[in-house]
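As stored in query32.txt (compact mmCIF, C-alpha atoms and all ligand atoms):
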# COMPACT_ATOMS: atom_id res chain seq x y z
CA MET W 5 5.23 -15.16 -14.44
CA PRO W 6 6.30 -11.89 -12.76
CA LEU W 7 4.13 -10.15 -10.22
CA ARG W 8 3.47 -6.60 -11.37
CA ALA W 9 2.63 -3.44 -9.47
CA VAL W 10 1.96 0.05 -10.79
CA ILE W 11 3.44 2.77 -8.58
CA VAL W 12 0.73 5.38 -7.92
CA GLY W 13 2.50 7.78 -5.57
CA ILE W 14 6.00 8.19 -4.17
CA GLY W 15 5.72 11.29 -1.97
CA SER W 16 6.19 11.82 1.74
CA ALA W 17 3.48 13.27 3.98
CA LEU W 18 4.42 16.90 3.25
CA SER W 19 5.16 16.58 -0.47
CA ASP W 20 3.86 19.30 -2.79
CA ARG W 21 5.27 17.51 -5.85
CA PHE W 22 4.05 13.94 -5.61
CA TYR W 23 1.05 11.86 -4.61
CA GLY W 24 1.23 9.98 -1.33
CA SER W 25 3.00 6.63 -1.40
CA SER W 26 0.73 4.04 -2.95
CA ALA W 27 0.63 1.28 -5.57
CA VAL W 28 -1.75 -1.06 -7.35
CA VAL W 29 -0.67 -4.70 -7.34
CA LEU W 30 -1.93 -6.67 -10.34
CA ALA W 31 -2.75 -9.88 -8.48
CA PRO W 32 -3.98 -13.07 -10.18
CA THR W 33 -7.71 -12.39 -9.77
CA GLY W 34 -7.89 -8.64 -9.19
CA LYS W 35 -6.16 -5.40 -8.36
CA ILE W 36 -4.97 -4.62 -4.82
CA LEU W 37 -4.55 -0.95 -3.92
CA ILE W 38 -1.87 -0.39 -1.28
CA ASP W 39 -2.96 2.65 0.73
CA CYS W 40 -5.32 5.37 -0.39
CA PRO W 41 -3.70 8.83 -0.22
CA ASP W 42 -5.12 12.27 -1.01
CA SER W 43 -6.48 12.82 -4.54
CA ILE W 44 -6.55 9.06 -5.09
CA LEU W 45 -8.87 9.29 -8.09
CA ARG W 46 -6.55 11.67 -9.92
CA ALA W 47 -3.48 9.72 -8.78
CA LEU W 48 -4.91 6.51 -10.27
CA ARG W 49 -5.70 8.28 -13.53
CA CYS W 50 -2.18 9.76 -13.77
CA SER W 51 -0.30 6.54 -13.02
CA GLY W 52 -2.67 4.65 -15.33
CA GLU W 53 -1.90 7.04 -18.19
CA ILE W 54 1.87 6.88 -17.62
CA SER W 55 1.95 3.09 -17.31
CA GLY W 56 -0.62 2.35 -19.99
CA ILE W 57 -2.44 0.10 -17.53
CA SER W 58 -6.04 1.07 -16.76
CA LEU W 59 -6.53 1.73 -13.05
CA ASP W 60 -10.24 2.60 -13.06
CA PRO W 61 -11.11 2.94 -9.34
CA LEU W 62 -14.30 0.96 -9.92
CA SER W 63 -12.15 -1.96 -11.07
CA ILE W 64 -10.39 -2.00 -7.68
CA HIS W 65 -12.18 -3.87 -4.90
CA ASP W 66 -9.39 -4.52 -2.40
CA ILE W 67 -7.33 -2.04 -0.37
CA LEU W 68 -4.38 -2.97 1.83
CA LEU W 69 -4.18 -0.23 4.45
CA THR W 70 -0.88 0.27 6.24
CA HIS W 71 -2.09 2.96 8.68
CA LEU W 72 -4.29 5.99 9.19
CA HIS W 73 -1.92 8.91 8.58
CA GLY W 74 -3.57 11.21 6.05
CA ASP W 75 -0.99 10.68 3.31
CA HIS W 76 -2.02 7.01 3.34
CA ALA W 77 -5.73 7.18 4.16
CA ASN W 78 -7.17 10.56 3.13
CA GLY W 79 -8.39 9.14 -0.18
CA LEU W 80 -10.67 6.56 1.41
CA GLU W 81 -13.63 8.94 1.50
CA ALA W 82 -13.55 9.75 -2.23
CA PHE W 83 -12.85 6.11 -3.10
CA ALA W 84 -15.80 5.00 -0.96
CA TRP W 85 -18.21 7.58 -2.39
CA LYS W 86 -17.17 6.61 -5.93
CA HIS W 87 -18.10 2.98 -5.27
CA TRP W 88 -21.20 3.82 -3.18
CA LEU W 89 -22.68 6.05 -5.88
CA ALA W 90 -21.87 3.47 -8.57
CA ARG W 91 -23.69 0.77 -6.59
CA ARG W 92 -26.70 3.08 -6.22
CA THR W 93 -26.76 3.42 -10.01
CA THR W 94 -26.28 -0.25 -10.79
CA GLY W 95 -28.28 -1.63 -7.87
CA GLY W 96 -25.18 -3.48 -6.64
CA GLY W 97 -25.52 -5.14 -3.24
CA PRO W 98 -23.27 -5.38 -0.18
CA ALA W 99 -21.17 -8.09 -1.81
CA GLU W 100 -19.86 -5.46 -4.22
CA ARG W 101 -18.50 -3.19 -1.49
CA PRO W 102 -14.73 -2.70 -1.67
CA ARG W 103 -12.80 -4.57 1.01
CA ILE W 104 -10.31 -2.92 3.34
CA HIS W 105 -7.63 -5.24 4.72
CA GLY W 106 -5.60 -4.09 7.70
CA ILE W 107 -4.37 -5.15 11.12
CA ALA W 108 -6.84 -4.77 14.00
CA SER W 109 -5.12 -1.79 15.63
CA VAL W 110 -5.29 0.12 12.33
CA VAL W 111 -8.85 -0.64 11.24
CA ALA W 112 -10.40 -0.39 14.73
CA ARG W 113 -10.62 3.40 14.54
CA LEU W 114 -11.29 3.73 10.81
CA TRP W 115 -14.97 4.65 11.17
CA GLU W 116 -14.11 7.09 13.92
CA ARG W 117 -12.08 8.86 11.27
CA LEU W 118 -14.65 8.65 8.44
CA ALA W 119 -17.96 9.06 10.33
CA PRO W 120 -18.02 12.88 10.58
CA SER W 121 -18.11 13.16 6.78
CA MET W 122 -19.79 9.88 5.84
CA GLY W 123 -22.26 9.15 8.62
CA GLN W 124 -25.26 10.58 6.73
CA MET W 125 -26.73 12.07 9.90
CA GLY W 126 -26.25 8.85 11.83
CA THR W 127 -27.97 6.60 9.30
CA ALA W 128 -24.81 5.16 7.71
CA SER W 129 -22.01 3.04 9.12
CA LEU W 130 -18.69 1.75 7.83
CA SER W 131 -20.37 -1.39 6.50
CA ASP W 132 -22.38 0.75 4.07
CA TYR W 133 -19.13 1.58 2.31
CA PHE W 134 -16.53 -1.08 3.02
CA ASP W 135 -16.26 -4.73 3.92
CA LEU W 136 -13.67 -4.76 6.70
CA CYS W 137 -11.20 -7.68 6.70
CA THR W 138 -8.81 -7.91 9.65
CA LEU W 139 -5.31 -9.20 8.96
CA VAL W 140 -3.49 -11.10 11.68
CA PRO W 141 0.32 -10.96 11.89
CA GLY W 142 1.77 -14.46 11.64
CA THR W 143 -1.01 -15.72 9.36
CA VAL W 144 -1.45 -15.63 5.59
CA SER W 145 -4.59 -14.24 3.96
CA GLU W 146 -5.69 -14.77 0.38
CA ILE W 147 -6.50 -11.53 -1.41
CA CYS W 148 -7.23 -11.52 -5.15
CA GLY W 149 -5.50 -14.88 -5.51
CA ALA W 150 -2.35 -13.65 -3.77
CA ALA W 151 -0.99 -14.80 -0.41
CA VAL W 152 -0.63 -11.76 1.86
CA SER W 153 1.17 -11.62 5.21
CA CYS W 154 1.62 -8.62 7.47
CA ARG W 155 3.90 -7.36 10.22
CA GLU W 156 3.50 -4.48 12.64
CA THR W 157 5.99 -1.64 12.27
CA ASP W 158 7.38 0.97 14.66
CA HIS W 159 5.88 4.27 13.47
CA GLY W 160 4.44 6.02 16.52
CA ILE W 161 0.90 4.95 15.63
CA PRO W 162 -0.39 1.48 14.60
CA CYS W 163 1.04 0.57 11.20
CA ALA W 164 1.86 -2.58 9.21
CA GLY W 165 4.06 -3.70 6.36
CA PHE W 166 3.01 -6.38 3.89
CA ARG W 167 4.33 -9.21 1.77
CA ILE W 168 2.31 -10.19 -1.30
CA ARG W 169 3.05 -13.43 -3.09
CA ALA W 170 1.66 -14.78 -6.34
CA ASP W 171 3.00 -17.29 -8.84
CA SER W 172 6.11 -17.77 -6.65
CA ALA W 173 7.08 -14.09 -6.94
CA GLU W 174 6.87 -12.00 -3.79
CA LEU W 175 6.73 -8.24 -3.28
CA ALA W 176 7.30 -6.65 0.12
CA TRP W 177 6.03 -3.19 1.15
CA SER W 178 7.62 -1.74 4.26
CA GLY W 179 4.80 0.54 5.38
CA ASP W 180 5.89 3.60 7.31
CA THR W 181 8.50 2.66 9.87
CA ARG W 182 11.49 3.74 11.87
CA PHE W 183 14.57 1.87 10.72
CA ASP W 184 14.13 -1.62 12.10
CA PRO W 185 16.63 -4.34 11.12
CA SER W 186 14.19 -7.07 12.16
CA HIS W 187 11.56 -5.60 9.83
CA VAL W 188 14.10 -5.44 7.01
CA ASP W 189 14.94 -9.12 7.64
CA TRP W 190 11.25 -10.04 7.38
CA LEU W 191 10.75 -7.96 4.23
CA CYS W 192 13.85 -9.42 2.59
CA GLU W 193 12.30 -12.89 2.47
CA ALA W 194 10.57 -11.44 -0.58
CA ASP W 195 12.10 -11.03 -4.04
CA CYS W 196 11.67 -7.25 -4.12
CA VAL W 197 11.30 -4.79 -1.23
CA VAL W 198 9.67 -1.37 -1.55
CA HIS W 199 10.99 0.55 1.45
CA GLU W 200 10.15 4.00 2.71
CA THR W 201 12.74 6.68 3.38
CA THR W 202 12.18 10.08 4.99
CA GLU W 203 14.33 12.20 7.28
CA SER W 204 12.12 12.02 10.39
CA PRO W 205 12.22 10.38 13.82
CA VAL W 206 9.34 8.05 12.87
CA HIS W 207 10.72 7.16 9.43
CA THR W 208 13.85 5.59 7.94
CA PRO W 209 16.71 7.92 7.00
CA ILE W 210 18.51 6.91 3.83
CA GLU W 211 21.81 6.50 5.70
CA CYS W 212 20.35 3.47 7.49
CA LEU W 213 19.41 1.78 4.22
CA ASN W 214 22.74 2.70 2.62
CA ALA W 215 24.48 0.72 5.38
CA LEU W 216 22.63 -2.51 4.49
CA PRO W 217 24.48 -5.27 2.58
CA VAL W 218 24.65 -4.80 -1.16
CA GLU W 219 22.48 -7.86 -1.89
CA ILE W 220 19.67 -6.26 0.12
CA ARG W 221 20.12 -2.85 -1.49
CA ARG W 222 19.90 -4.47 -4.92
CA LYS W 223 16.47 -5.94 -4.25
CA MET W 224 15.23 -2.73 -2.60
CA ARG W 225 13.29 0.14 -4.22
CA LEU W 226 12.64 3.49 -2.53
CA ILE W 227 9.39 5.31 -1.91
CA HIS W 228 8.01 7.99 0.48
CA MET W 229 10.86 10.35 -0.32
CA ASP W 230 11.08 13.97 0.73
CA ASP W 231 10.77 16.43 -2.15
CA ASP W 232 14.41 17.47 -1.78
CA PHE W 233 15.65 13.88 -1.72
CA ALA W 234 18.70 13.47 -3.97
CA PRO W 235 18.77 10.11 -5.79
CA ALA W 236 22.58 10.43 -5.88
CA ALA W 237 22.56 9.99 -2.09
CA THR W 238 22.11 6.25 -2.56
CA ASP W 239 22.65 3.36 -4.96
CA ILE W 240 19.15 2.05 -4.17
CA VAL W 241 16.75 2.57 -7.08
CA CYS W 242 14.16 5.30 -6.52
CA LEU W 243 10.66 4.58 -7.81
CA ALA W 244 8.67 7.06 -9.92
CA GLU W 245 4.93 7.52 -10.31
CA GLY W 246 3.63 5.37 -13.15
CA ASP W 247 6.51 2.90 -12.92
CA VAL W 248 5.53 -0.73 -13.44
CA LEU W 249 7.46 -2.83 -10.97
CA GLU W 250 7.97 -6.37 -12.26
CA VAL W 251 8.88 -8.86 -9.55
CA ALA W 252 10.33 -12.16 -10.68
CA ALA W 253 10.75 -15.11 -8.37
CA SER W 254 14.39 -15.52 -7.37
CA SER W 255 13.86 -18.88 -5.69
CA ARG W 256 11.10 -21.26 -4.74
CA ARG W 257 10.45 -21.62 -1.04
CA PRO W 258 7.50 -21.94 1.30
CA MET W 259 5.65 -18.80 2.37
CA ALA W 260 7.14 -17.50 5.60
CA THR W 261 5.11 -15.39 7.96
ZN ZN W 301 2.84 7.55 8.45

Would you encode the structure as structure tokens?
Amino acid sequence: MPLRAVIVGIGSALSDRFYGSSAVVLAPTGKILIDCPDSILRALRCSGEISGISLDPLSIHDILLTHLHGDHANGLEAFAWKHWLARRTTGGGPAERPRIHGIASVVARLWERLAPSMGQMGTASLSDYFDLCTLVPGTVSEICGAAVSCRETDHGIPCAGFRIRADSAELAWSGDTRFDPSHVDWLCEADCVVHETTESPVHTPIECLNALPVEIRRKMRLIHMDDDFAPAATDIVCLAEGDVLEVAASSRRPMAT
């Protein structure tokens, strides 16, 4: 059975055309939101309408967070308030808080970022909104019935990429990163690789990906593109918002970390 993911946003940090790069993975026992960019509630509605797959934010209880740049994390406040207010209405307890999964260096300063707008005059803390789950590179975590591994990237601030495996199909998500052949090698253990591209010193220019072997380019899909990015500049498939990525297992092998 293929692993499916709905692409929510494909834009780069400065895009005025697209939502920030994000997706919802339809894992065996729940939905996993990868990153939470600006206008996340509208972005989920739009990609849900295009794909025909309901992405009600209240049906999403797990977020994989690559890093804290705004185009990946600015939506956390609205997402958190949406759930917090719903729990106040339904009487839901702490067990119903959404979970944020990220590496220690990313999540350590999350509340520092959210507290000025969510601290409720010093009476609230991060645990009022989210259940924080720290991912450790080199280990595998189970999230929504999927096996998730992570790897730190080179992005100028703490950041991670992910591999998500379910039913023998595996999807890799680069996270923001300078071009790093060792990261590409790790990602390419998966059946499909969603890789960022942006012309910037802390991102991956398309020329670097174009120089990869054809078998890698075939399993790669592009995201985090500048608004003036020309799809004709590459033979790697560019993703669009609302796309449903179907990842089929190409071989059976043990989970590598
Ligand atoms: Zn970034």

Quick one: contact table of range 165-216 of chain W to range 106-128 of chain W, 12 Å max, nearest atom pair and distance in Å to one decimal per residue, counting all atoms listed in the file, chain and number order, as JSON lines?
{"residue": "W:Gly165", "atom": "CA", "partner": "W:Gly106", "partner_atom": "CA", "distance": 9.8}
{"residue": "W:Phe166", "atom": "CA", "partner": "W:Gly106", "partner_atom": "CA", "distance": 9.7}
{"residue": "W:Gly179", "atom": "CA", "partner": "W:Gly106", "partner_atom": "CA", "distance": 11.6}

Review point. Taking all atoms listed in the file into account, which residues are within 7 Å of ligand ZN 301 (chain W), as a ChimeraX atom specification?
Key: /W:71,73,159,180

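Across the model, the gap from CA of Ala244 in chain W to CA of Cys196 in chain W is 15.7 Å.
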
Review point. Within 9 Å of Thr238 in chain W, counting only C-alpha atoms, which residues qualify if same-chain residues fewer than 5 places away don't, as number ranges by chain?
Key: W: 210-211, 213-214

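CA of Thr138 in chain W to CA of Glu100 in chain W spans 17.9 Å [interatomic distance, one decimal].
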
Exercise for review: Compile the contact shell of range 241-243 of chain W as a ChimeraX atom specification: residues with an atom at most 10 Å away, counting all atoms listed in the file, same-chain residues fewer than 4 positions apart removed.
Suggested key: /W:11-14,198-199,221-229,233-236,247-249

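The coordinates place CA of Ile44 in chain W at 13.7 Å from CA of Ser63 in chain W.
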
Practice item. Kindly indicate which residue among W:Leu69, W:Ala84, W:Cys50, W:Ala194 lies nearest to Tyr23 in chain W, using all atoms listed in the file for the distances. Key: W:Cys50

Residues near Asp230 in chain W, anyone? I mean within 8 Å using all atoms listed in the file, not counting same-chain ones fewer than 4 positions away, as a CSV table (one decimal) with C-alpha atoms, keeping the file's coordinate frame.
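Okay, selection-v3.csv is ready:
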chain,number,residue,atom,x,y,z
W,15,GLY,CA,5.7,11.3,-2.0
W,16,SER,CA,6.2,11.8,1.7
W,18,LEU,CA,4.4,16.9,3.2
W,19,SER,CA,5.2,16.6,-0.5
W,201,THR,CA,12.7,6.7,3.4
W,202,THR,CA,12.2,10.1,5.0
W,203,GLU,CA,14.3,12.2,7.3

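Between Ile36 in chain W and the residues W:Pro141, W:Gly149, W:Gly96, W:Pro162, the shortest atom-to-atom distance, using only C-alpha atoms, involves W:Gly149.
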
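The smallest atom-to-atom distance between Ala27 in chain W and any of W:Trp190, W:Trp177, W:Phe83, W:Phe183, using only C-alpha atoms, is found for W:Trp177.
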